[in-house]
Amino acid sequence: MVCAVSKRENKTRSAGDGPVVAKLTVNPAGFAFAEPLDGGDSVYIPRGRLGVALDGDEVTILSWASDKGFEGEIVELVRRGRTRLTGVPRLMGRTWVLEPDDPRVLWRAELTTPGQDVPEGMVVVAAIEHYPSDTRDPLLVRVERVLGPPDTLNTEQLKILIERGINPEFPEAVLAEAQGVATAVQPEELVGRDDLRGLDFMTIDPVDARDFDDAVCVELLGDSSLGDSSLGDMRIHIAVADVSHYVREGTAIDAEAALRCFSAYLPDRAIPMLPHALSSHMCSLVPDQDRLAMVISMRLDPAGETTEVKLRAAVIHSRKRLSYEQVAAELDGAGKLDEEIVGRIKMLRRAADRLRAMRLRRGAVELNLPETKILLDEDDPSRIRDIVPSRASESVARAYNLIEELMLAANEANGQIAVEHRLPMVFRVHDLPDTDKLTLLAEAAAVLGMKVDPEKLTTPRGVQKFLALAESQPRGTALHMFMLRAMAQAAYSCDNVGHFALASPAYVHFTSPIRRYPDLVAHRVLKAHLARTGGQAGPEPVPGMPALEVSQAQAARSSSRERATADAERDSKALFAAAYMRDRLGDRFEATITGFGSAGMYILLDRPFVDGMIRLGALERERGELYELEDNHVRLVGKRSGHVLMVGDRLVVEALDASLQRRKVDFAYISKLTA
């Protein structure tokens, strides 16, 4: 199969393309970058051209080519991005002002009604009551509530949620609606559904999962008497909770879900998109109970090709709930489950192996970069036990991949349905890598000891081959990181440009409507399509087909909220890392240089698995000389001694400072580690 994504061309903005709407990110130094909402290149807004715009605002800009890439100016304020600030009230003369926590808020913020009980020295949430209309105006804010003393884990965590627009509590109207949902499937809800309760569905999830939004089943096809039936065709069924049946447009639950867009997973808590009464009960495919689902089935041949795709609303009855650890044990031959369940697990693994082999033949890209996992004390969640890489054992990783491959197949099949029938779908897209970044990657790779033609990295297969070769290089992890930085950011869009990393011509998020609103939107579009074409769409009322502009607006909102949620999760991990390192100041650690910036070099400790920075000024004072960062951003070189620090170098470092408010850990350079 020739993958459509390999034939696309990069889409970059040219100078003078006309006004575009962009989101503003202000630097504390006074300049800003405008990020076009259409995914174009960042535009530099110099100091003095911000007018009355604030960080986070949506603005219309004009841009032109300059020695800084694209430079521009703001021509119109479209929408304010901030409605609240966090900070500490201070009395300045006779005026109470709010000292904002976020250094990107450059305006003087005055309290409108300080009253007699201003919580001086405490962190507060303040609502913005008046935005500046000219550059001499202050911001006017009103204290809404007190978060607590600064520089404490709980206060700083709450600040992150407020900064990113994530509410840990549901409104009363939403909770009331959720409590009114039936606690069992009703007979009238089976109208227009396929009865698949006879299939041996089961769920496989983390051991501590509270909701199960997908269940899987595999059937062997053909006459098993003719030989080993495992070598023949299979039919795979992927069932996903029918959230759209319970979350109807126009309800308080739907309005809140659309506002949140995503569940957020922080080290010490999960903040769901839907109330627990739905996500953990009727929208959860719990074992031994009837549940409503959207099911996509397909025939899978030994080569990994899928045919006979069928989508419908259904009712299922999960037979078993398994954890990834249980599945891993059975695949290793060390489990304790009965023979019938083990047989089903092994069939699922064969199906996943076929799908994975096909995906890799197409050129799917797999980056080998572990994430951070915060381990908390079970009895005291405020106590951090350790910070480790999230990479599971090889056995558990295979168990995760079993489900992952089936989910990918379901998402691709629904993407193909959307393309074939020209549906106003919110696709999950991943565009080609940026050509300029690929050139920089090639230059960096050459310094790190590996030659690469950037032109060959414009196809998924080319990237796949590069990463495979990088695995054998001494600085392979650094090469993987540079590749990640060169790749585009995945997003939601109604303009289907395919999914580069998956080497997929069309991809739709379908399998997690409990925790992702775009999946819920996809279910509604697909149900409307089924109803229009005589398929099984469930009982009336079936969702109507949305207008394209409605889906486009939802795609833009989903991309924005996804970034905010991801930022909150990243910030929260950094906060917990800073809290953990506070008790380790003065200790020495082994670390790896992961990158360079204008402020210094970024490092990653081996254990604990914590990111930090060695500031350039501190390094220069320690070494007694100035350092220069080469244009390729791979090496930092001492001007006097020629001392070289390179991405991937192994170091001994000492922890200097850990700031909860900045969510950063600073280190001192001690020495290089020799191989």
# chains A, B, ... in the order shown; residues from 1 in each chain; ligands from 1
>>> select_by_dssp(residues="segment 71-220 of chain A", states="strand (DSSP E or B)", output="PyMOL selection string")
chain A and resi 71-79+84-92+95-100+109-111+123-130+139-148+194-195+202-205+214-220
>>> residues_around(residues="segment 364-367 of chain A", least_positions_apart="4", cutoff="10 Å", atoms="only C-alpha atoms", output="compact mmCIF listing (two decimals) with N, CA and C atoms, in the first residue's frame")
# COMPACT_ATOMS: atom_id res chain seq x y z
N ARG A 356 0.79 -4.88 13.78
CA ARG A 356 2.05 -4.16 14.01
C ARG A 356 3.01 -4.38 12.85
N ALA A 357 3.12 -5.63 12.36
CA ALA A 357 4.02 -5.91 11.24
C ALA A 357 3.63 -5.09 10.02
N MET A 358 2.33 -5.00 9.75
CA MET A 358 1.86 -4.19 8.63
C MET A 358 2.20 -2.72 8.83
N ARG A 359 1.98 -2.23 10.04
CA ARG A 359 2.25 -0.82 10.34
C ARG A 359 3.73 -0.49 10.13
N LEU A 360 4.60 -1.38 10.59
CA LEU A 360 6.03 -1.13 10.44
C LEU A 360 6.47 -1.24 8.99
N THR A 459 9.76 11.25 4.57
CA THR A 459 8.81 10.14 4.49
C THR A 459 8.87 9.36 5.80
N PRO A 460 7.75 8.76 6.22
CA PRO A 460 7.78 7.96 7.44
C PRO A 460 8.82 6.85 7.41
N ARG A 461 8.98 6.19 6.26
CA ARG A 461 9.95 5.10 6.17
C ARG A 461 11.38 5.63 6.35
N GLY A 462 11.64 6.82 5.82
CA GLY A 462 12.97 7.41 5.99
C GLY A 462 13.28 7.70 7.44
N VAL A 463 12.28 8.23 8.17
CA VAL A 463 12.47 8.50 9.59
C VAL A 463 12.65 7.19 10.35
N GLN A 464 11.87 6.18 9.98
CA GLN A 464 11.97 4.87 10.64
C GLN A 464 13.38 4.31 10.50
N LYS A 465 13.96 4.38 9.31
CA LYS A 465 15.31 3.87 9.07
C LYS A 465 16.34 4.68 9.86
N PHE A 466 16.16 6.00 9.89
CA PHE A 466 17.08 6.86 10.65
C PHE A 466 17.09 6.47 12.13
N LEU A 467 15.90 6.28 12.71
CA LEU A 467 15.81 5.95 14.13
C LEU A 467 16.40 4.58 14.42
N ALA A 468 16.21 3.64 13.48
CA ALA A 468 16.79 2.30 13.66
C ALA A 468 18.32 2.37 13.68
N THR A 477 20.10 8.18 21.99
CA THR A 477 18.99 8.87 22.65
C THR A 477 18.93 10.33 22.23
N HIS A 480 17.39 10.55 18.82
CA HIS A 480 15.94 10.40 18.92
C HIS A 480 15.30 11.72 19.37
N MET A 481 15.93 12.40 20.31
CA MET A 481 15.39 13.66 20.81
C MET A 481 15.38 14.73 19.72
N MET A 483 15.18 14.20 16.55
CA MET A 483 14.13 13.84 15.60
C MET A 483 12.77 14.27 16.12
N LEU A 484 12.54 14.06 17.41
CA LEU A 484 11.27 14.49 18.01
C LEU A 484 11.06 15.99 17.83
N HIS A 499 -1.58 11.06 8.95
CA HIS A 499 -0.80 10.99 10.19
C HIS A 499 0.58 10.48 9.85
N PHE A 500 1.56 11.39 9.83
CA PHE A 500 2.91 11.07 9.38
C PHE A 500 3.55 9.97 10.22
N ALA A 501 3.51 10.10 11.55
CA ALA A 501 4.21 9.15 12.41
C ALA A 501 3.64 7.75 12.29
N LEU A 502 2.34 7.63 12.05
CA LEU A 502 1.71 6.33 11.90
C LEU A 502 1.72 5.84 10.45
N ALA A 503 2.24 6.68 9.55
CA ALA A 503 2.22 6.36 8.11
C ALA A 503 0.81 6.01 7.69
N SER A 504 -0.15 6.78 8.18
CA SER A 504 -1.56 6.49 7.93
C SER A 504 -2.20 7.60 7.10
>>> atom_distance(atom1="atom CA of Val26 of chain A", atom2="atom CA of Leu54 of chain A")
7.3 Å
>>> closest_atom_pairs(of="segment 458-574 of chain A", to="segment 430-440 of chain A", cutoff="7 Å", atoms="only C-alpha atoms", output="CSV")
residue,atom,partner,partner_atom,distance
A:Thr458,CA,A:Leu432,CA,6.5
A:Ala486,CA,A:Lys437,CA,5.0
A:Met487,CA,A:Pro433,CA,4.3
A:Ala488,CA,A:Pro433,CA,5.2
A:Gln489,CA,A:His430,CA,6.4
A:Ala490,CA,A:His430,CA,4.4
A:Ala491,CA,A:His430,CA,6.5
A:Val497,CA,A:Asp431,CA,6.4
A:Gly498,CA,A:His430,CA,6.3
A:His499,CA,A:His430,CA,4.4
A:Phe500,CA,A:His430,CA,5.3
A:Ala501,CA,A:His430,CA,6.9
>>> write_last_selection(atoms="C-alpha atoms", output="mmCIF file, in the first residue's frame")
data_model
loop_
_atom_site.group_PDB
_atom_site.id
_atom_site.type_symbol
_atom_site.label_atom_id
_atom_site.label_comp_id
_atom_site.auth_asym_id
_atom_site.auth_seq_id
_atom_site.Cartn_x
_atom_site.Cartn_y
_atom_site.Cartn_z
ATOM 1 C CA THR A 458 10.409 13.609 4.652
ATOM 2 C CA ALA A 486 12.018 18.228 14.133
ATOM 3 C CA MET A 487 8.639 16.568 13.834
ATOM 4 C CA ALA A 488 5.370 18.466 13.639
ATOM 5 C CA GLN A 489 2.982 18.524 16.559
ATOM 6 C CA ALA A 490 -0.034 16.266 16.213
ATOM 7 C CA ALA A 491 -3.305 18.184 16.230
ATOM 8 C CA VAL A 497 -3.384 15.626 5.856
ATOM 9 C CA GLY A 498 -2.866 12.131 7.246
ATOM 10 C CA HIS A 499 -0.802 10.994 10.195
ATOM 11 C CA PHE A 500 2.912 11.066 9.379
ATOM 12 C CA ALA A 501 4.213 9.146 12.410
#
>>> closest_atom_pairs(of="segment 270-348 of chain A", to="segment 159-173 of chain A", cutoff="10 Å", atoms="only C-alpha atoms", output="JSON lines")
{"residue": "A:Ala270", "atom": "CA", "partner": "A:Pro168", "partner_atom": "CA", "distance": 8.7}
{"residue": "A:Ile271", "atom": "CA", "partner": "A:Pro168", "partner_atom": "CA", "distance": 5.7}
{"residue": "A:Pro272", "atom": "CA", "partner": "A:Pro168", "partner_atom": "CA", "distance": 8.2}
{"residue": "A:Met273", "atom": "CA", "partner": "A:Phe170", "partner_atom": "CA", "distance": 9.3}
{"residue": "A:Leu274", "atom": "CA", "partner": "A:Phe170", "partner_atom": "CA", "distance": 8.7}
{"residue": "A:Pro275", "atom": "CA", "partner": "A:Phe170", "partner_atom": "CA", "distance": 7.3}
>>> residues_around(residues="Leu85 of chain A", least_positions_apart="2", cutoff="10 Å", atoms="only C-alpha atoms", output="number ranges by chain")
A: 82-83, 87-88, 98-102, 105, 109, 124-128, 141-143, 159, 162-163
>>> write_last_selection(atoms="N, CA and C atoms", output="PDB file, in the first residue's frame")
ATOM      1  N   ARG A  82      -7.052  35.359  29.020  1.00  0.00           N
ATOM      2  CA  ARG A  82      -7.046  35.194  30.474  1.00  0.00           C
ATOM      3  C   ARG A  82      -8.248  35.890  31.084  1.00  0.00           C
ATOM      4  N   THR A  83      -8.896  35.206  31.992  1.00  0.00           N
ATOM      5  CA  THR A  83      -9.977  35.826  32.760  1.00  0.00           C
ATOM      6  C   THR A  83      -9.622  35.908  34.238  1.00  0.00           C
ATOM      7  N   GLY A  87      -1.687  35.202  42.157  1.00  0.00           N
ATOM      8  CA  GLY A  87      -0.595  36.042  42.624  1.00  0.00           C
ATOM      9  C   GLY A  87      -0.735  36.351  44.098  1.00  0.00           C
ATOM     10  N   VAL A  88       0.123  37.262  44.559  1.00  0.00           N
ATOM     11  CA  VAL A  88       0.161  37.631  45.974  1.00  0.00           C
ATOM     12  C   VAL A  88      -0.161  39.117  46.103  1.00  0.00           C
ATOM     13  N   LEU A  98      -1.795  43.327  42.816  1.00  0.00           N
ATOM     14  CA  LEU A  98      -1.549  41.886  42.772  1.00  0.00           C
ATOM     15  C   LEU A  98      -0.216  41.658  42.079  1.00  0.00           C
ATOM     16  N   GLU A  99       0.664  40.979  42.761  1.00  0.00           N
ATOM     17  CA  GLU A  99       1.944  40.609  42.175  1.00  0.00           C
ATOM     18  C   GLU A  99       1.748  39.270  41.459  1.00  0.00           C
ATOM     19  N   PRO A 100       1.605  39.274  40.135  1.00  0.00           N
ATOM     20  CA  PRO A 100       1.256  38.028  39.435  1.00  0.00           C
ATOM     21  C   PRO A 100       2.355  36.979  39.557  1.00  0.00           C
ATOM     22  N   ASP A 101       1.934  35.730  39.652  1.00  0.00           N
ATOM     23  CA  ASP A 101       2.902  34.629  39.668  1.00  0.00           C
ATOM     24  C   ASP A 101       3.550  34.444  38.308  1.00  0.00           C
ATOM     25  N   ASP A 102       2.783  34.682  37.262  1.00  0.00           N
ATOM     26  CA  ASP A 102       3.264  34.434  35.912  1.00  0.00           C
ATOM     27  C   ASP A 102       4.049  35.651  35.410  1.00  0.00           C
ATOM     28  N   VAL A 105       2.821  38.118  32.571  1.00  0.00           N
ATOM     29  CA  VAL A 105       1.829  39.180  32.773  1.00  0.00           C
ATOM     30  C   VAL A 105       2.603  40.450  33.111  1.00  0.00           C
ATOM     31  N   ALA A 109      -1.334  45.158  38.005  1.00  0.00           N
ATOM     32  CA  ALA A 109      -2.671  44.652  38.327  1.00  0.00           C
ATOM     33  C   ALA A 109      -3.101  45.222  39.672  1.00  0.00           C
ATOM     34  N   VAL A 124      -3.551  34.137  45.932  1.00  0.00           N
ATOM     35  CA  VAL A 124      -4.986  34.271  45.698  1.00  0.00           C
ATOM     36  C   VAL A 124      -5.291  34.069  44.217  1.00  0.00           C
ATOM     37  N   VAL A 125      -6.559  33.788  43.932  1.00  0.00           N
ATOM     38  CA  VAL A 125      -7.084  33.818  42.571  1.00  0.00           C
ATOM     39  C   VAL A 125      -7.855  35.115  42.426  1.00  0.00           C
ATOM     40  N   ALA A 126      -7.554  35.873  41.380  1.00  0.00           N
ATOM     41  CA  ALA A 126      -8.227  37.149  41.153  1.00  0.00           C
ATOM     42  C   ALA A 126      -8.843  37.165  39.762  1.00  0.00           C
ATOM     43  N   ALA A 127     -10.126  37.584  39.699  1.00  0.00           N
ATOM     44  CA  ALA A 127     -10.820  37.716  38.416  1.00  0.00           C
ATOM     45  C   ALA A 127     -10.487  39.062  37.795  1.00  0.00           C
ATOM     46  N   ILE A 128     -10.245  39.062  36.480  1.00  0.00           N
ATOM     47  CA  ILE A 128      -9.974  40.315  35.777  1.00  0.00           C
ATOM     48  C   ILE A 128     -11.298  41.022  35.515  1.00  0.00           C
ATOM     49  N   VAL A 141      -8.397  43.954  39.001  1.00  0.00           N
ATOM     50  CA  VAL A 141      -8.732  42.583  39.375  1.00  0.00           C
ATOM     51  C   VAL A 141      -9.410  42.560  40.741  1.00  0.00           C
ATOM     52  N   ARG A 142     -10.175  41.503  40.975  1.00  0.00           N
ATOM     53  CA  ARG A 142     -10.889  41.317  42.242  1.00  0.00           C
ATOM     54  C   ARG A 142     -10.566  39.934  42.808  1.00  0.00           C
ATOM     55  N   VAL A 143     -10.174  39.895  44.071  1.00  0.00           N
ATOM     56  CA  VAL A 143      -9.831  38.629  44.712  1.00  0.00           C
ATOM     57  C   VAL A 143     -11.083  37.753  44.825  1.00  0.00           C
ATOM     58  N   LYS A 159      -2.431  26.370  41.476  1.00  0.00           N
ATOM     59  CA  LYS A 159      -2.073  27.432  40.533  1.00  0.00           C
ATOM     60  C   LYS A 159      -1.954  26.888  39.105  1.00  0.00           C
ATOM     61  N   ILE A 162      -5.409  26.414  37.622  1.00  0.00           N
ATOM     62  CA  ILE A 162      -6.041  27.695  37.277  1.00  0.00           C
ATOM     63  C   ILE A 162      -5.380  28.294  36.037  1.00  0.00           C
ATOM     64  N   GLU A 163      -4.052  28.255  35.981  1.00  0.00           N
ATOM     65  CA  GLU A 163      -3.334  28.807  34.830  1.00  0.00           C
ATOM     66  C   GLU A 163      -3.750  28.117  33.536  1.00  0.00           C
TER      67      GLU A 163
END
>>> select_by_dssp(residues="segment 387-635 of chain A", states="helix (DSSP H, G or I)", output="PyMOL selection string")
chain A and resi 394-420+435-447+454-458+460-471+476-486+517-532+548-584+616-623
>>> closest_residue(among="A:Ala252, A:Ile316, A:Val97, A:Leu605", to="Asp288 of chain A", atoms="only C-alpha atoms")
A:Ile316
>>> residues_around(residues="segment 618-625 of chain A", least_positions_apart="5", cutoff="7 Å", atoms="only C-alpha atoms", output="list of chain:residue names")
A:Gly638, A:Lys639, A:Arg640, A:Tyr669
>>> closest_residue(among="A:Val118, A:Ala209, A:Leu656, A:Ala303", to="Arg90 of chain A", atoms="only C-alpha atoms")
A:Val118
>>> closest_residue(among="A:Leu24, A:Ala506, A:Met294, A:Ala313", to="Gly81 of chain A", atoms="only C-alpha atoms")
A:Leu24
>>> residues_around(residues="segment 514-525 of chain A", least_positions_apart="5", cutoff="6 Å", atoms="only C-alpha atoms", output="mmCIF file with N, CA and C atoms, in the first residue's frame")
data_model
loop_
_atom_site.group_PDB
_atom_site.id
_atom_site.type_symbol
_atom_site.label_atom_id
_atom_site.label_comp_id
_atom_site.auth_asym_id
_atom_site.auth_seq_id
_atom_site.Cartn_x
_atom_site.Cartn_y
_atom_site.Cartn_z
ATOM 1 N N CYS A 261 -12.762 19.261 27.442
ATOM 2 C CA CYS A 261 -12.209 18.603 26.251
ATOM 3 C C CYS A 261 -11.388 17.346 26.557
ATOM 4 N N PHE A 262 -10.679 17.328 27.673
ATOM 5 C CA PHE A 262 -9.822 16.193 27.987
ATOM 6 C C PHE A 262 -9.802 15.944 29.487
ATOM 7 N N SER A 263 -9.601 14.708 29.875
ATOM 8 C CA SER A 263 -9.254 14.395 31.256
ATOM 9 C C SER A 263 -7.787 14.758 31.463
ATOM 10 N N MET A 273 -12.980 14.215 32.426
ATOM 11 C CA MET A 273 -13.808 15.037 31.546
ATOM 12 C C MET A 273 -15.283 14.853 31.874
ATOM 13 N N SER A 279 -18.401 8.051 33.834
ATOM 14 C CA SER A 279 -17.134 7.481 33.383
ATOM 15 C C SER A 279 -16.796 6.178 34.079
ATOM 16 N N HIS A 509 -9.496 9.875 16.124
ATOM 17 C CA HIS A 509 -9.570 9.434 17.516
ATOM 18 C C HIS A 509 -11.008 8.995 17.809
ATOM 19 N N PRO A 543 -27.781 11.576 16.845
ATOM 20 C CA PRO A 543 -27.167 12.889 16.607
ATOM 21 C C PRO A 543 -27.262 13.301 15.146
ATOM 22 N N MET A 545 -25.977 15.312 11.701
ATOM 23 C CA MET A 545 -24.676 15.545 11.078
ATOM 24 C C MET A 545 -24.297 17.018 11.247
#
>>> atom_distance(atom1="atom CA of Pro454 of chain A", atom2="atom CA of Glu405 of chain A")
29.3 Å
>>> closest_residue(among="A:His245, A:Arg584, A:His421, A:Lys320", to="Glu540 of chain A", atoms="only C-alpha atoms")
A:His245
